[in-house]
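Asks: My structure is in model14.cif, and what it holds is mmCIF, C-alpha atoms:
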```cif
data_entry
loop_
_atom_site.label_atom_id
_atom_site.label_comp_id
_atom_site.auth_asym_id
_atom_site.auth_seq_id
_atom_site.Cartn_x
_atom_site.Cartn_y
_atom_site.Cartn_z
CA MET V 140 94.37 106.54 102.37
CA THR V 141 97.67 106.13 104.23
CA GLU V 142 98.04 103.70 107.13
CA GLU V 143 98.67 106.67 109.41
CA LYS V 144 95.38 108.34 108.41
CA LEU V 145 93.53 105.06 108.82
CA LYS V 146 94.97 104.50 112.28
CA ALA V 147 93.86 108.00 113.27
CA LEU V 148 90.28 106.87 112.60
CA ILE V 149 90.51 104.26 115.36
CA ARG V 150 89.06 105.99 118.41
CA GLU V 151 90.26 105.17 121.91
CA ILE V 152 87.60 104.99 124.59
CA ALA V 153 88.63 104.83 128.24
CA ASP V 154 87.20 102.32 130.71
CA PHE V 155 85.30 100.14 128.22
CA PRO V 156 84.16 97.41 128.66
CA LYS V 157 85.56 97.90 132.16
CA LYS V 158 87.66 100.30 134.21
CA GLY V 159 91.32 100.50 133.17
CA ILE V 160 90.82 99.28 129.59
CA LEU V 161 91.49 101.69 126.72
CA PHE V 162 89.13 100.27 124.10
CA LYS V 163 90.00 100.56 120.40
CA ASP V 164 86.80 101.62 118.66
CA ILE V 165 86.94 100.81 114.94
CA THR V 166 83.46 102.14 114.11
CA PRO V 167 84.69 105.54 112.79
CA LEU V 168 86.99 103.68 110.40
CA LEU V 169 84.20 101.39 109.17
CA GLU V 170 81.82 104.33 108.69
CA ASN V 171 84.25 106.06 106.35
CA GLY V 172 83.76 104.40 102.97
CA ALA V 173 87.19 105.37 101.61
CA ALA V 174 88.91 104.23 104.82
CA PHE V 175 87.16 100.86 104.79
CA GLN V 176 88.20 100.38 101.14
CA SER V 177 91.87 101.10 101.92
CA CYS V 178 91.76 98.93 104.98
CA ILE V 179 90.52 95.88 103.08
CA VAL V 180 93.12 96.37 100.33
CA LEU V 181 95.92 96.67 102.91
CA LEU V 182 94.71 93.59 104.79
CA ALA V 183 94.40 91.62 101.54
CA ASP V 184 97.96 92.60 100.56
CA ARG V 185 99.26 90.95 103.72
CA ILE V 186 97.76 87.51 102.98
CA LYS V 187 97.35 87.28 99.19
CA ALA V 188 100.71 85.60 98.67
CA LEU V 189 99.74 82.83 101.13
CA LYS V 190 97.09 81.68 98.62
CA PRO V 191 94.50 80.45 101.15
CA THR V 192 91.64 78.26 99.91
CA LYS V 193 89.19 79.82 102.39
CA LEU V 194 89.04 82.50 105.07
CA VAL V 195 87.80 81.86 108.61
CA GLY V 196 86.03 84.77 110.35
CA ILE V 197 85.69 84.95 114.12
CA GLU V 198 82.35 86.21 115.49
CA SER V 199 81.35 88.94 115.46
CA ARG V 200 83.61 91.85 114.42
CA GLY V 201 85.88 89.36 112.69
CA PHE V 202 82.95 88.69 110.33
CA ILE V 203 83.21 92.27 109.04
CA PHE V 204 86.78 91.97 107.77
CA ALA V 205 86.52 88.28 106.83
CA ALA V 206 83.41 88.89 104.72
CA ALA V 207 84.78 91.91 102.86
CA LEU V 208 88.09 90.10 102.28
CA SER V 209 86.38 86.89 101.14
CA HIS V 210 84.43 88.85 98.60
CA TYR V 211 87.44 90.90 97.51
CA LEU V 212 89.70 87.84 97.15
CA LYS V 213 86.91 85.64 95.74
CA LEU V 214 87.24 83.06 98.51
CA GLY V 215 84.76 81.06 100.56
CA LEU V 216 84.06 82.24 104.10
CA VAL V 217 83.89 79.90 107.10
CA LEU V 218 82.25 81.12 110.31
CA ALA V 219 83.79 80.47 113.73
CA ARG V 220 80.92 81.25 116.09
CA LYS V 221 80.20 81.47 119.79
CA THR V 222 78.89 78.17 121.05
CA GLY V 223 75.27 77.19 120.31
CA LYS V 224 74.80 79.36 117.24
CA LEU V 225 75.78 77.00 114.42
CA PRO V 226 72.90 74.68 113.55
CA SER V 227 74.70 71.56 112.27
CA LYS V 228 77.35 69.25 113.77
CA THR V 229 80.37 71.19 115.06
CA PHE V 230 83.90 70.96 116.38
CA LYS V 231 84.08 72.84 119.68
CA GLN V 232 87.04 74.47 121.36
CA THR V 233 87.26 76.03 124.79
CA TYR V 234 89.64 78.97 125.11
CA GLN V 235 91.03 81.13 127.83
CA LEU V 236 89.68 84.58 128.62
CA GLU V 237 91.18 87.05 131.07
CA TYR V 238 88.76 85.68 133.65
CA GLY V 239 87.32 82.23 132.95
CA THR V 240 86.83 80.49 129.61
CA ASP V 241 84.61 80.63 126.53
CA GLU V 242 83.88 78.28 123.64
CA ILE V 243 83.80 78.65 119.84
CA GLU V 244 82.69 76.24 117.12
CA ILE V 245 82.87 75.60 113.41
CA HIS V 246 80.78 73.14 111.40
CA VAL V 247 82.53 69.79 110.94
CA ASP V 248 81.95 69.95 107.17
CA SER V 249 83.23 73.50 106.65
CA LEU V 250 86.85 72.58 106.08
CA SER V 251 88.84 69.53 105.02
CA LYS V 252 92.43 68.38 104.55
CA LYS V 253 92.41 70.11 101.17
CA ASP V 254 92.01 73.51 102.81
CA SER V 255 94.64 75.98 103.92
CA VAL V 256 93.13 78.99 105.63
CA VAL V 257 93.77 82.39 107.13
CA ILE V 258 91.88 83.16 110.34
CA ILE V 259 90.58 86.72 110.62
CA ASP V 260 89.60 88.85 113.59
CA ASP V 261 89.46 92.56 114.35
CA VAL V 262 91.74 92.55 117.40
CA LEU V 263 94.54 90.23 118.46
CA ALA V 264 94.83 90.62 122.21
CA THR V 265 95.97 87.71 124.42
CA GLY V 266 95.61 85.33 121.47
CA GLY V 267 93.16 83.06 123.30
CA THR V 268 90.33 83.30 120.77
CA ALA V 269 92.70 83.03 117.81
CA LEU V 270 94.33 79.95 119.32
CA GLY V 271 90.87 78.41 119.78
CA ALA V 272 90.14 79.05 116.11
CA VAL V 273 93.48 77.51 115.07
CA SER V 274 92.58 74.38 117.02
CA LEU V 275 89.16 74.20 115.31
CA CYS V 276 90.80 74.40 111.88
CA ASN V 277 93.30 71.72 112.85
CA GLN V 278 90.48 69.47 114.08
CA SER V 279 88.96 69.85 110.59
CA GLY V 280 92.23 68.75 109.02
CA ALA V 281 92.86 72.18 107.48
CA LYS V 282 96.22 73.89 107.49
CA VAL V 283 96.36 77.33 109.14
CA LEU V 284 98.54 79.67 107.10
CA GLY V 285 98.21 82.60 109.46
CA ILE V 286 96.15 84.90 111.64
CA LEU V 287 95.16 88.25 110.17
CA SER V 288 94.06 90.99 112.51
CA LEU V 289 93.27 94.66 111.96
CA ILE V 290 94.67 95.58 115.38
CA GLU V 291 97.37 93.92 117.45
CA LEU V 292 97.77 94.78 121.13
CA GLU V 293 101.44 93.87 121.31
CA PHE V 294 101.71 94.37 125.08
CA LEU V 295 99.39 91.37 125.55
CA ASN V 296 101.81 89.02 123.76
CA GLY V 297 99.26 87.23 121.57
CA ARG V 298 102.01 86.33 119.09
CA LYS V 299 103.81 84.34 121.77
CA VAL V 300 100.70 82.28 122.54
CA LEU V 301 100.25 81.59 118.82
CA ALA V 302 103.92 80.56 118.56
CA SER V 303 103.90 78.42 115.42
CA VAL V 304 101.24 80.40 113.52
CA PRO V 305 102.33 83.55 111.65
CA VAL V 306 100.50 86.71 112.70
CA TYR V 307 99.73 89.52 110.26
CA SER V 308 98.32 92.76 111.61
CA LEU V 309 97.78 96.28 110.33
CA PHE V 310 97.81 98.52 113.40
CA LYS V 311 100.02 97.80 116.40
CA TYR V 312 99.58 99.28 119.89
CA MET Z 90 75.75 81.34 89.54
CA THR Z 91 71.95 81.38 89.08
CA GLU Z 92 69.61 82.35 91.92
CA GLU Z 93 68.23 78.81 91.84
CA LYS Z 94 71.67 77.28 92.33
CA LEU Z 95 72.44 79.74 95.11
CA LYS Z 96 69.20 78.95 96.91
CA ALA Z 97 70.02 75.24 96.72
CA LEU Z 98 73.13 76.00 98.83
CA ILE Z 99 70.95 77.16 101.74
CA ARG Z 100 70.60 74.08 103.92
CA GLU Z 101 67.48 73.47 106.00
CA ILE Z 102 68.04 72.09 109.49
CA ALA Z 103 65.08 70.79 111.48
CA ASP Z 104 64.41 71.76 115.09
CA PHE Z 105 67.05 74.49 115.42
CA PRO Z 106 67.32 76.54 117.57
CA LYS Z 107 64.21 74.82 118.96
CA LYS Z 108 61.69 72.11 118.10
CA GLY Z 109 59.42 72.94 115.19
CA ILE Z 110 61.71 75.48 113.53
CA LEU Z 111 63.19 74.68 110.12
CA PHE Z 112 66.41 76.72 110.29
CA LYS Z 113 67.90 78.19 107.09
CA ASP Z 114 71.62 77.54 107.30
CA ILE Z 115 73.54 79.89 105.00
CA THR Z 116 77.01 78.54 105.87
CA PRO Z 117 77.30 76.27 102.78
CA LEU Z 118 76.56 79.30 100.59
CA LEU Z 119 79.18 81.46 102.35
CA GLU Z 120 81.80 78.72 102.13
CA ASN Z 121 81.47 78.53 98.36
CA GLY Z 122 83.56 81.41 97.01
CA ALA Z 123 81.74 81.64 93.68
CA ALA Z 124 78.34 81.52 95.39
CA PHE Z 125 79.26 84.27 97.84
CA GLN Z 126 80.47 86.43 94.91
CA SER Z 127 77.20 85.99 93.02
CA CYS Z 128 75.19 86.60 96.15
CA ILE Z 129 76.82 89.95 96.87
CA VAL Z 130 76.40 91.07 93.25
CA LEU Z 131 72.71 90.10 93.27
CA LEU Z 132 72.13 91.86 96.60
CA ALA Z 133 73.97 94.97 95.39
CA ASP Z 134 71.83 95.05 92.24
CA ARG Z 135 68.71 95.34 94.39
CA ILE Z 136 69.84 98.49 96.22
CA LYS Z 137 72.33 100.28 93.92
CA ALA Z 138 69.67 102.50 92.37
CA LEU Z 139 68.63 103.76 95.82
CA LYS Z 140 72.03 105.47 96.13
CA PRO Z 141 72.45 105.09 99.91
CA THR Z 142 75.15 107.16 101.65
CA LYS Z 143 75.90 104.32 104.10
CA LEU Z 144 74.85 100.76 104.89
CA VAL Z 145 73.71 99.60 108.32
CA GLY Z 146 74.55 96.01 109.28
CA ILE Z 147 72.65 94.17 112.01
CA GLU Z 148 74.73 91.97 114.34
CA SER Z 149 75.95 89.39 113.74
CA ARG Z 150 75.19 87.60 110.46
CA GLY Z 151 74.00 90.89 109.01
CA PHE Z 152 77.61 92.07 109.37
CA ILE Z 153 78.69 89.50 106.78
CA PHE Z 154 76.51 90.84 103.97
CA ALA Z 155 76.71 94.47 105.06
CA ALA Z 156 80.53 94.39 105.15
CA ALA Z 157 80.95 92.71 101.76
CA LEU Z 158 78.37 95.07 100.22
CA SER Z 159 79.93 98.17 101.82
CA HIS Z 160 83.25 97.23 100.32
CA TYR Z 161 81.77 96.32 96.94
CA LEU Z 162 79.72 99.54 96.73
CA LYS Z 163 82.45 101.68 98.33
CA LEU Z 164 80.19 102.84 101.17
CA GLY Z 165 80.70 103.35 104.87
CA LEU Z 166 79.37 100.67 107.21
CA VAL Z 167 77.42 101.42 110.40
CA LEU Z 168 77.07 98.70 113.03
CA ALA Z 169 73.75 98.04 114.78
CA ARG Z 170 74.80 95.90 117.75
CA LYS Z 171 73.25 94.01 120.63
CA THR Z 172 73.09 96.19 123.69
CA GLY Z 173 76.28 96.84 125.70
CA LYS Z 174 78.75 96.18 122.88
CA LEU Z 175 79.26 99.64 121.41
CA PRO Z 176 81.73 101.66 123.47
CA SER Z 177 80.56 105.25 122.88
CA LYS Z 178 77.23 107.05 123.38
CA THR Z 179 74.34 105.22 121.68
CA PHE Z 180 70.72 105.38 120.66
CA LYS Z 181 68.93 102.30 122.02
CA GLN Z 182 65.84 100.56 120.76
CA THR Z 183 63.90 97.73 122.34
CA TYR Z 184 62.25 95.33 119.90
CA GLN Z 185 59.86 92.43 120.04
CA LEU Z 186 61.00 88.83 119.87
CA GLU Z 187 58.75 85.78 119.63
CA TYR Z 188 59.00 85.55 123.43
CA GLY Z 189 60.05 88.70 125.27
CA THR Z 190 62.11 91.62 123.99
CA ASP Z 191 65.69 92.50 123.06
CA GLU Z 192 67.60 95.73 122.50
CA ILE Z 193 69.92 97.05 119.79
CA GLU Z 194 72.03 100.18 119.60
CA ILE Z 195 73.96 102.39 117.21
CA HIS Z 196 76.44 105.13 118.08
CA VAL Z 197 74.80 108.57 118.21
CA ASP Z 198 77.47 109.97 115.87
CA SER Z 199 77.28 107.22 113.22
CA LEU Z 200 74.56 108.83 111.12
CA SER Z 201 73.13 112.29 110.56
CA LYS Z 202 70.34 114.05 108.67
CA LYS Z 203 72.58 113.97 105.59
CA ASP Z 204 72.47 110.17 105.47
CA SER Z 205 70.09 107.89 103.66
CA VAL Z 206 70.75 104.24 104.41
CA VAL Z 207 69.86 100.67 103.60
CA ILE Z 208 69.64 98.31 106.59
CA ILE Z 209 71.04 94.83 105.99
CA ASP Z 210 70.42 91.51 107.69
CA ASP Z 211 70.64 87.85 106.69
CA VAL Z 212 67.05 86.88 107.48
CA LEU Z 213 63.85 88.90 107.60
CA ALA Z 214 61.47 86.97 109.85
CA THR Z 215 58.85 88.79 111.98
CA GLY Z 216 60.52 92.11 111.18
CA GLY Z 217 61.07 92.99 114.86
CA THR Z 218 64.83 93.46 114.64
CA ALA Z 219 64.63 95.33 111.33
CA LEU Z 220 61.99 97.66 112.78
CA GLY Z 221 64.27 98.30 115.76
CA ALA Z 222 67.08 99.22 113.35
CA VAL Z 223 64.77 101.53 111.38
CA SER Z 224 63.90 103.33 114.60
CA LEU Z 225 67.60 103.74 115.47
CA CYS Z 226 68.31 105.28 112.06
CA ASN Z 227 65.35 107.61 112.45
CA GLN Z 228 66.57 108.66 115.91
CA SER Z 229 69.85 109.59 114.20
CA GLY Z 230 67.98 111.74 111.69
CA ALA Z 231 68.88 109.46 108.79
CA LYS Z 232 66.44 108.42 106.09
CA VAL Z 233 65.87 104.67 105.69
CA LEU Z 234 65.66 103.80 101.99
CA GLY Z 235 64.97 100.12 102.55
CA ILE Z 236 65.71 96.83 104.26
CA LEU Z 237 67.86 94.34 102.36
CA SER Z 238 67.80 90.72 103.43
CA LEU Z 239 69.29 87.58 101.93
CA ILE Z 240 66.33 85.49 103.08
CA GLU Z 241 62.72 86.47 103.66
CA LEU Z 242 60.38 84.19 105.61
CA GLU Z 243 57.20 85.46 103.98
CA PHE Z 244 54.87 83.44 106.22
CA LEU Z 245 56.01 85.55 109.20
CA ASN Z 246 54.76 88.77 107.56
CA GLY Z 247 57.79 90.94 108.32
CA ARG Z 248 56.91 93.21 105.39
CA LYS Z 249 53.61 94.09 107.06
CA VAL Z 250 55.35 95.13 110.29
CA LEU Z 251 57.78 97.28 108.27
CA ALA Z 252 54.84 98.85 106.41
CA SER Z 253 56.34 102.13 105.19
CA VAL Z 254 59.87 100.79 104.55
CA PRO Z 255 60.55 98.95 101.26
CA VAL Z 256 61.88 95.42 101.70
CA TYR Z 257 64.34 93.86 99.23
CA SER Z 258 65.16 90.18 99.57
CA LEU Z 259 66.86 87.51 97.49
CA PHE Z 260 65.37 84.20 98.61
CA LYS Z 261 61.75 83.87 99.70
CA TYR Z 262 60.30 81.00 101.74
#
```
Take the structure from the file and write it as structure tokens.

Replies:
Amino acid sequence: MTEEKLKALIREIADFPKKGILFKDITPLLENGAAFQSCIVLLADRIKALKPTKLVGIESRGFIFAAALSHYLKLGLVLARKTGKLPSKTFKQTYQLEYGTDEIEIHVDSLSKKDSVVIIDDVLATGGTALGAVSLCNQSGAKVLGILSLIELEFLNGRKVLASVPVYSLFKY
Amino acid sequence: MTEEKLKALIREIADFPKKGILFKDITPLLENGAAFQSCIVLLADRIKALKPTKLVGIESRGFIFAAALSHYLKLGLVLARKTGKLPSKTFKQTYQLEYGTDEIEIHVDSLSKKDSVVIIDDVLATGGTALGAVSLCNQSGAKVLGILSLIELEFLNGRKVLASVPVYSLFKY
């Protein structure tokens, strides 16, 4: 399936989660088996050459792409979760939201200096969450090779916030 | 990797999320690329013969297995999410937790009468969440062929609650 056809499966929904936001709904794309296949292949193509040792998926829609890619590329999958959900000892990182802050964690034993990773999420918006995940990987001693995102909302300048970390994305708005 | 070796990668953590609970931590299994590969193949083997038209993943760890399996089996993936997270019109279902209730949703246009699905989660415990997901699929007109779970906590009798729906699981406790 072409990138154009795939992008057409992303549905825009007005005023979700709040008034004035045009939400990108990826569920029609996921529900189409052939589209999901193409999507994972295209995403994999963007990061294969980086030769990561593991992939890091950001909760919760990031898990979808990170899991399928981990399986496809035969890599281990590390979970970056909302605070309080990982049961063992964690690194924690607060990050900026549009209003206020939030916190994500990874287990302290998930990554080491030997690892070089790609961080995966569904949407790159302001870059706050991705930057939080980069910091967690750095705390673990791992090298971050890049951020991979299905969708990039370019008008929110996430790339700028992530400055030193390469951003790979499939669909730009 | 043998099932025994895979099971040994599931780490037990005492008193999480609260005192008295021996939590099954699947993160070491996910982080091991070879283990995650074997796991997905073994899970796929359990449901392939059912010939589902789509897979339904329960948020959020269910997304991990559902996404990798959807890609592996070339099927569409439907998301069953915590309430308020899906942007379009949804079916909603309240389900029983140990204390109190919770609610999950799927989009009304995700499934139809033509679909027969397998519902996927990481852990089958009391069966409350899985039963909620079954009800959502039924509201959509879809047939539920079974519940597939990485882990089954047999002492919590989830299978009994799910009565008429076949349960497939990899690791029993």

Asks: Select, as a count of residues only, those residues of chain Z with any atom no more than 6 Å from chain V (distances computed using only C-alpha atoms).

Replies: 16

Asks: Which centre and which edge lengths, in Å to one decimal, describe the axis-aligned box that holds all listed atoms of region 161-165 of chain V after 8 Å is added on each side, as lines of an AutoDock Vina configuration file?

Replies:
```
center_x = 89.1
center_y = 101.0
center_z = 120.8
size_x = 20.7
size_y = 17.4
size_z = 27.8
```

Asks: Nearest to Ala183 (chain V) among V:Leu148, V:Leu309, V:Leu161, V:Leu292, with distances taken over all atoms listed in the file: which residue is it?

Replies: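 Of all the options, V:Leu309 lies closest to Ala183 (chain V).
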
Asks: What do you get, as a list in words, if you spell out every residue that the PyMOL selection byres ((chain Z and resi 184) around 8) selects here?

Replies: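 Evaluating the PyMOL selection byres ((chain Z and resi 184) around 8) on these coordinates yields Gln182, Thr183, Gln185, Leu186, Thr190, Asp191, Glu192, Ile193, Gly217, Thr218, Leu220 and Gly221 of chain Z.
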
Asks: Could you check how far CA of Gly216 (chain Z) sits from CA of Glu93 (chain Z), in Å to one decimal?

Replies: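 CA of Glu93 (chain Z) lies at a distance of 24.7 Å from CA of Gly216 (chain Z).
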
Asks: In the coordinates of the file, take the point (56.5, 81.9, 110.6) and a cut-off of 9 Å; then, counting all atoms listed in the file, name each qualifying protein, DNA or RNA residue as a VMD selection string.

Replies: chain Z and resid 110 214 to 215 242 to 246

Asks: Enter the distance from CA of Lys232 (chain Z) to CA of Ile115 (chain Z), in Å, rounded to one decimal.

Replies: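 Separation of CA of Lys232 (chain Z) and CA of Ile115 (chain Z): 29.4 Å.
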
Asks: Please report the interatomic distance between CA of Pro141 (chain Z) and CA of Ile208 (chain Z) in Å with one decimal.

Replies: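 Atom-to-atom, CA of Pro141 (chain Z) to CA of Ile208 (chain Z), that is 9.9 Å.
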
Asks: Give me the residues within 10 Å of Leu213 (chain Z) as a list of chain:residue names, counting all atoms listed in the file and dropping any in the same chain fewer than 4 places off.

Replies: Z:Ile209, Z:Gly217, Z:Thr218, Z:Ala219, Z:Ile236, Z:Leu237, Z:Ser238, Z:Leu239, Z:Ile240, Z:Glu241, Z:Leu242, Z:Glu243, Z:Leu245, Z:Asn246, Z:Gly247, Z:Arg248, Z:Val256, Z:Tyr257, Z:Ser258, Z:Lys261

Asks: Taking into account only C-alpha atoms, which residue in the set V:Lys228, V:Glu244, V:Phe310, V:Val304 is nearest to Glu142 (chain V)?

Replies: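 Using only C-alpha atoms, the shortest distance to Glu142 (chain V) belongs to V:Phe310.
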
Asks: Given the file shown, determine the residues that the PyMOL selection byres ((chain V and resi 283) around 7) selects; report them as a list in words.

Replies: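 Applying the PyMOL selection byres ((chain V and resi 283) around 7) to the structure shown produces Ser255, Val256, Val257, Val273, Cys276, Ala281, Lys282, Leu284 and Gly285 of chain V.
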
Asks: Selected by the PyMOL selection byres ((chain V and resi 252) around 6) in the shown coordinates: which residues, as a list of chain:residue names?

Replies: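 Applied to this file, the PyMOL selection byres ((chain V and resi 252) around 6) returns V:Ser251, V:Lys253, V:Asp254, V:Gly280, V:Ala281.
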
Asks: Tell me which of V:Leu275, V:Ala302, V:Val262, V:Ala147 sits closest to Thr229 (chain V), counting only C-alpha atoms.

Replies: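 Closest to Thr229 (chain V) of all the choices is V:Leu275.
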
Asks: For region 220-229 of chain Z, supply all heavy atoms and report the output as an mmCIF file, keeping the file's coordinate frame.

Replies:
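Listed below is the output, part36.cif:
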```cif
data_model
loop_
_atom_site.group_PDB
_atom_site.id
_atom_site.type_symbol
_atom_site.label_atom_id
_atom_site.label_comp_id
_atom_site.auth_asym_id
_atom_site.auth_seq_id
_atom_site.Cartn_x
_atom_site.Cartn_y
_atom_site.Cartn_z
ATOM 1 N N LEU Z 220 62.742 96.479 112.338
ATOM 2 C CA LEU Z 220 61.990 97.660 112.780
ATOM 3 C C LEU Z 220 62.761 98.416 113.850
ATOM 4 O O LEU Z 220 62.783 99.654 113.854
ATOM 5 C CB LEU Z 220 60.613 97.226 113.313
ATOM 6 C CG LEU Z 220 59.590 98.336 113.505
ATOM 7 C CD1 LEU Z 220 59.222 98.991 112.183
ATOM 8 C CD2 LEU Z 220 58.333 97.802 114.200
ATOM 9 N N GLY Z 221 63.415 97.683 114.733
ATOM 10 C CA GLY Z 221 64.270 98.300 115.760
ATOM 11 C C GLY Z 221 65.383 99.103 115.100
ATOM 12 O O GLY Z 221 65.679 100.229 115.502
ATOM 13 N N ALA Z 222 65.993 98.536 114.064
ATOM 14 C CA ALA Z 222 67.080 99.220 113.350
ATOM 15 C C ALA Z 222 66.569 100.455 112.617
ATOM 16 O O ALA Z 222 67.242 101.490 112.581
ATOM 17 C CB ALA Z 222 67.758 98.254 112.382
ATOM 18 N N VAL Z 223 65.373 100.365 112.054
ATOM 19 C CA VAL Z 223 64.770 101.530 111.380
ATOM 20 C C VAL Z 223 64.609 102.669 112.389
ATOM 21 O O VAL Z 223 64.967 103.821 112.118
ATOM 22 C CB VAL Z 223 63.382 101.180 110.768
ATOM 23 C CG1 VAL Z 223 62.655 102.435 110.306
ATOM 24 C CG2 VAL Z 223 63.535 100.195 109.611
ATOM 25 N N SER Z 224 64.104 102.318 113.567
ATOM 26 C CA SER Z 224 63.900 103.330 114.600
ATOM 27 C C SER Z 224 65.217 103.992 115.004
ATOM 28 O O SER Z 224 65.278 105.210 115.201
ATOM 29 C CB SER Z 224 63.200 102.700 115.794
ATOM 30 O OG SER Z 224 63.407 103.479 116.936
ATOM 31 N N LEU Z 225 66.280 103.184 115.123
ATOM 32 C CA LEU Z 225 67.600 103.740 115.470
ATOM 33 C C LEU Z 225 68.080 104.739 114.424
ATOM 34 O O LEU Z 225 68.607 105.800 114.757
ATOM 35 C CB LEU Z 225 68.636 102.613 115.595
ATOM 36 C CG LEU Z 225 68.519 101.693 116.807
ATOM 37 C CD1 LEU Z 225 69.542 100.566 116.706
ATOM 38 C CD2 LEU Z 225 68.711 102.464 118.098
ATOM 39 N N CYS Z 226 67.893 104.388 113.147
ATOM 40 C CA CYS Z 226 68.310 105.280 112.060
ATOM 41 C C CYS Z 226 67.495 106.571 112.110
ATOM 42 O O CYS Z 226 68.037 107.665 111.940
ATOM 43 C CB CYS Z 226 68.149 104.599 110.707
ATOM 44 S SG CYS Z 226 69.238 103.175 110.519
ATOM 45 N N ASN Z 227 66.204 106.430 112.368
ATOM 46 C CA ASN Z 227 65.350 107.610 112.450
ATOM 47 C C ASN Z 227 65.746 108.509 113.628
ATOM 48 O O ASN Z 227 65.766 109.731 113.504
ATOM 49 C CB ASN Z 227 63.871 107.200 112.574
ATOM 50 C CG ASN Z 227 63.340 106.610 111.263
ATOM 51 O OD1 ASN Z 227 63.908 106.849 110.187
ATOM 52 N ND2 ASN Z 227 62.283 105.829 111.345
ATOM 53 N N GLN Z 228 66.094 107.889 114.757
ATOM 54 C CA GLN Z 228 66.570 108.660 115.910
ATOM 55 C C GLN Z 228 67.820 109.468 115.548
ATOM 56 O O GLN Z 228 68.045 110.557 116.079
ATOM 57 C CB GLN Z 228 66.901 107.735 117.088
ATOM 58 C CG GLN Z 228 65.684 107.189 117.829
ATOM 59 C CD GLN Z 228 66.095 106.270 118.985
ATOM 60 O OE1 GLN Z 228 66.695 106.698 119.949
ATOM 61 N NE2 GLN Z 228 65.773 104.995 118.871
ATOM 62 N N SER Z 229 68.627 108.909 114.642
ATOM 63 C CA SER Z 229 69.850 109.590 114.200
ATOM 64 C C SER Z 229 69.564 110.690 113.188
ATOM 65 O O SER Z 229 70.477 111.399 112.770
ATOM 66 C CB SER Z 229 70.801 108.602 113.514
ATOM 67 O OG SER Z 229 70.987 107.464 114.291
#
```
